[in-house]
2 protein chains.
Amino acid sequence: MKIEAIDLFYVALPDITRTADGTQDSLVVRVRTDNGLEGWGECDASPLVSMTAYVMPMSHSNIINIREALIGETIDSPEDVVRLRARAGEFGLDIQQLDHAVAGADIAMWDVLGKHVGEPVWRLIGHKASYKKLPYASVLFGDNPAETRAIATSIAERKFRAAKFGWGPMGRGSLGDDIALVQAARDGLGQDAKLMVDAGIIWGDDVDAAYERAVAFADLGVVWLEEPLRTEEVGAYKALSDRVRADGVQIGIAGGEGADFYRSADDMMTNAGLDFVQIDVGRIGGITEAKRVADRAHELGIQYVNHTFKSHLSVAASIHVFAGIEEFDLIEYPAGDSPLVLGLTAPTGIFRDSEGFVQASDKPGLGVEVNLGAIHEYQRHVKIEIDGEVLFESAQP
Amino acid sequence: MKIEAIDLFYVALPDITRTADGTQDSLVVRVRTDNGLEGWGECDASPLVSMTAYVMPMSHSNIINIREALIGETIDSPEDVVRLRARAGEFGLDIQQLDHAVAGADIAMWDVLGKHVGEPVWRLIGHKASYKKLPYASVLFGDNPAETRAIATSIAERKFRAAKFGWGPMGRGSLGDDIALVQAARDGLGQDAKLMVDAGIIWGDDVDAAYERAVAFADLGVVWLEEPLRTEEVGAYKALSDRVRADGVQIGIAGGEGADFYRSADDMMTNAGLDFVQIDVGRIGGITEAKRVADRAHELGIQYVNHTFKSHLSVAASIHVFAGIEEFDLIEYPAGDSPLVLGLTAPTGIFRDSEGFVQASDKPGLGVEVNLGAIHEYQRHVKIEIDGEVLFESAQP
C-alpha cells in the first residue's frame, strides 16, 4: 500500500496551566493509505513547532519537510517503515525538531502496517512475546507534604502498586523539605508499593546535592531517583552514579527522557552510569528509534523504562517497544485527571488486569483506536499562510 | 536596559533548489531594547520551524516560547546574556528546536549588549585579543571533475588561499570517481592552497569506505576529511580516527556541524576522536554555547572551526566566538553567489585584508549592520492563526 495523506491534529485543554503536566495538549498524527487504512501516532512535543516540521517550505536538500519525505511512499513490511523513518531523517537532517515531530508519523506507520498485515506492532518489531508490565502511576508532587500524601492515598485507593512523584516543590527548598515530600508520598502509598522520585533536573550539575537526596530517599525505599541533574551533565551523572554504587546506597539512578535522538540516549547509557534509561517514544523519533534504545539497554544490562506523560495512544506505542523483554517490567502510566489521557482513545486503552498489570495486546497495530469525538472537541484550528497562500490549515478528523 | 521586542524575519530567494546550499534562505532575529538599541542574529535552521519556537502557545511549564522567556528581561552585562540564554533553555526544555531557534536571539543579545557598552563581542565573551584567521572558501563540488575544476580555478582567481569542497557527487560513485573530484579541485586551486573535503555524511557508518578516501585524499594534500560518517555514529568515528592515526595517514578527521547542543559537541570531542570540531553558532544555540565548545576544544587540543553556510551576519557571529584563540586559525567563509551572503549585511561584512586574512573588528557588538533593504526585498510574509486569532504575523523591518 502507499501513504496517501498525513493529517495533523493539535488538541489542547481550554486552559493550559504552568505546571510540568504534559497531558494538557498533544499533536496527534494520522497516516492514511491508498487502501483505506489509517494509523495513528502522538508526539510528546510542542504541537505547533512539530506541525511546521511536516509542512514548512524547503530550505535546501537537508531541510525538506516530513510530508514530502513520506507521502506517496510504499509501506508493506517492517523494513519499509524503517526505511521511511530513515528517509524522513535524511530529508530533515538539519531540522532539529525532526525527531520530536516524526515520532507521530513513525508510530502511525507501525500502527497502519499492523492493521494491514494483521499483526500487533510488538511482533512486527521483532518481539516473540508480550509480557505483563507493572504500571506505575505517574503524578506530580503536591504543593506541600499534606497535598502529596492525599495524592498518594488516592493512588493507593485506585489500587496502583507503584507510583512516581515528580517536579512541584522537589529541590526548591531544603533537604528536609525534600525528605518530608517523599515521606508523605510513602505514607500515603503504604510500605509495600514501589515508589519512585523524579527530581525534574532540579540540581543541575550539583552532584553533592543529588547525592544527599539519593541517600535520604534510599532510606524511604525509593526505587530510583530520576533526573537529579540536567541531561547534558553526563559527567556529573557518572560521578553521582559511581558514588552511589561505591557507597552501597540502595537506589537506582534514572534518566534519559531528555534524549531527543538515538545517540543522545546511547551517550547517556554509555557514559552517565544509568541504572534505568527512560525513553519517550513520542520524542526520540518513534517506535523505530525507541526499539533501538531498548535493545542496546538490554545488551548493557540497563533497565529500559518508557517515559510517557500523554494519552493512552502513547502508552500503547510505548508498551509495544519493550513488550518482549521480560526483565523490563515497569511501565510509566499517566494517572492525572486530564480528559485527554483516557479520552483520546476512549473506549479503548491500555487497562490494568485484575492483578494490576498491563500488557500489549494481540490486536493488529497498536491495539487502541483514536476517538474522533475527542479530537473534534479539543482540536485547535491552525492556519499558516506564507505570502498570502495557505501552507497548512487544520481539517476536521 | 530591558528587552522590549524580538522581531523575526524569514528571508528567502524566490527559487529554492534541492542542493546542500544553506545560503538560499534564513531566519534573521532582531532584539530591540527600551533605550532604542537593536541587536541582530541569524539562525542556520528551518526558518518557519524556528519562528514557531518564538511564538507557539504554552504546552506546560517546560514548553514555553522564547519571546515569553526574554521580553521584559534586563540585559546590562555578559552575565545577563548568559542568564537569559539559560532562561530560554529552561522555558523551552522540551522544545527540541530550541537551540536552533534561540541561536538568533542569543547572537542578537550579544550584539545589542556590545552596542550598549561600546565593546566588541569578542571582548565581552572573555577574549583578550582578536587574531587574524585564514578564510577558506566554502563551496559545493561541481557535478563532475570538469565543473569542480572550474569552480576551483575561479576560487584561486579570487585569491583565496584555502577552500573546502563538499557534497554534490562525493561518495555517490566509485573511489576512483571521488579521487577524480578531489584531484580536479586540487588542480584548479594549485598546489599551495589548503584544500579540505566535506563528504556530507555520505558513508553513514561504513568505516572502511571512509578510511579508503582518507588515505587517497591525504595523498592530494587534503587537510581534513569532514563528516565522512553520520553525526550519531560516534563509535564509527572513533574507529576511523584511531585507524588513520595508527597508520600515520596525514589527514585530519573533522565533524560536529550536526551538534545541535553543547553536550552533543562534547560527546563528539570526547568520544569520536576528532581533530577538528566544526560548530555552527546558528545551530548550537548561539555565541554563548559555541564559546563553551571552543574553550573545551582548546582544553582537549582539538581545533575549533566554525561551520557557516549563511550570510556575513553569521560569519561575524562565528569569528567572535574564537577570535582570541590564536591556534584556531581557519574560518569557514561562504563563497557561493547567493545575494543573501553579502547582501544581508551590505555594505558591512567580514572582508579579507590585502594578505587574504579576516579578523573580528573592534567595533561595538558584532561589527556588521543588517541591510534593511535586503530584508524588505527577500522577506516572506508569514501569518499564523490559531482558532481565528493571529498568533504571529511578519512585519516590515
# chains A, B, ... in the order shown; residues from 1 in each chain; ligands from 1
$ interface_residues --of "chain B" --to "chain A" --cutoff "6 Å" --atoms "only C-alpha atoms" --output "ChimeraX atom specification"
/B:18-21,49,52,60-61,96-97,232,263,380-387
$ residues_around --residues "range 190-193 of chain B" --least-positions-apart "2" --cutoff "8 Å" --atoms "only C-alpha atoms" --output "list in words"
Ala156, Phe160, Arg161, Ala162, Ala163, Arg186, Asp187, Gly188 and Leu195 of chain B
$ residues_around --residues "Val182 in chain A" --least-positions-apart "2" --cutoff "8 Å" --atoms "only C-alpha atoms" --output "CSV table (one decimal) with N, CA and C atoms, in the first residue's frame"
chain,number,residue,atom,x,y,z
A,145,PRO,N,3.7,18.6,51.7
A,145,PRO,CA,3.6,17.2,52.1
A,145,PRO,C,2.1,16.8,52.3
A,178,ASP,N,12.6,18.3,51.1
A,178,ASP,CA,12.5,17.2,50.1
A,178,ASP,C,12.2,15.9,50.7
A,179,ILE,N,12.8,15.6,51.9
A,179,ILE,CA,12.5,14.3,52.6
A,179,ILE,C,11.1,14.3,53.0
A,180,ALA,N,10.6,15.4,53.5
A,180,ALA,CA,9.2,15.4,54.0
A,180,ALA,C,8.2,15.1,52.9
A,184,ALA,N,5.9,11.8,52.8
A,184,ALA,CA,4.4,11.9,52.7
A,184,ALA,C,3.9,11.0,51.6
A,185,ALA,N,4.7,10.9,50.5
A,185,ALA,CA,4.3,10.0,49.4
A,185,ALA,C,4.3,8.6,49.9
A,186,ARG,N,5.4,8.2,50.6
A,186,ARG,CA,5.5,6.9,51.1
A,186,ARG,C,4.3,6.6,52.1
A,197,VAL,N,11.1,8.7,42.5
A,197,VAL,CA,11.1,10.1,42.7
A,197,VAL,C,11.7,10.7,41.4
A,217,PHE,N,16.6,9.3,50.3
A,217,PHE,CA,15.4,8.7,49.6
A,217,PHE,C,15.6,7.2,49.7
A,220,LEU,N,13.9,5.6,52.4
A,220,LEU,CA,12.5,5.6,52.3
A,220,LEU,C,12.0,4.5,51.3
$ closest_residue --among "A:Ala105, A:Ala290, A:Leu300, A:Met1" --to "Ser77 in chain A" --atoms "only C-alpha atoms"
A:Met1
$ closest_residue --among "A:Pro78, A:Gly89, A:Gly324, A:Gly118" --to "Leu366 in chain A" --atoms "only C-alpha atoms"
A:Gly118
$ residues_around --residues "range 325-339 of chain B" --least-positions-apart "2" --cutoff "7 Å" --atoms "only C-alpha atoms" --output "list in words"
Thr23, Gln24, Tyr131, Lys133, Leu134, Pro135, Tyr136, Ala137, Ser138, Val139, Gln303, Tyr304, Val305, Asn306, His307, Thr308, Phe309, Lys310, Val315, Phe322, Ala323, Val341, Leu342 and Gly343 of chain B
$ select_by_dssp --residues "range 36-212 of chain A" --states "strand (DSSP E or B)" --output "JSON, numbers by chain"
{"A": [38, 39, 40, 41, 42, 43, 60, 63, 74, 120, 133, 134, 135, 136, 137, 138, 139, 140, 162, 163, 164, 165, 166, 194, 195, 196, 197, 198]}
$ select_by_dssp --residues "range 43-93 of chain A" --states "alpha helix (DSSP H)" --output "ChimeraX atom specification"
/A:47-55,66-70,78-91
$ write_last_selection --atoms "C-alpha atoms" --output "compact mmCIF listing (two decimals), in the first residue's frame"
# COMPACT_ATOMS: atom_id res chain seq x y z
CA PRO A 47 2.31 20.75 18.75
CA LEU A 48 2.75 23.90 16.66
CA VAL A 49 6.53 23.57 16.31
CA SER A 50 6.20 19.93 15.28
CA MET A 51 3.39 20.66 12.82
CA THR A 52 5.66 23.04 10.94
CA ALA A 53 8.25 20.28 10.54
CA TYR A 54 5.61 18.44 8.48
CA VAL A 55 4.75 21.36 6.22
CA ILE A 66 8.21 15.20 6.63
CA ARG A 67 5.15 15.10 4.38
CA GLU A 68 7.39 15.46 1.35
CA ALA A 69 9.54 12.57 2.60
CA LEU A 70 6.66 10.15 3.21
CA PRO A 78 8.67 -3.64 8.73
CA GLU A 79 11.67 -2.91 6.51
CA ASP A 80 9.58 -0.28 4.71
CA VAL A 81 8.81 1.51 7.98
CA VAL A 82 12.47 1.51 8.97
CA ARG A 83 13.42 2.77 5.51
CA LEU A 84 10.81 5.54 5.57
CA ARG A 85 11.77 6.64 9.09
CA ALA A 86 15.37 6.93 7.84
CA ARG A 87 14.19 8.77 4.72
CA ALA A 88 12.40 11.38 6.85
CA GLY A 89 15.63 11.76 8.84
CA GLU A 90 17.66 12.34 5.68
CA PHE A 91 15.19 14.84 4.23
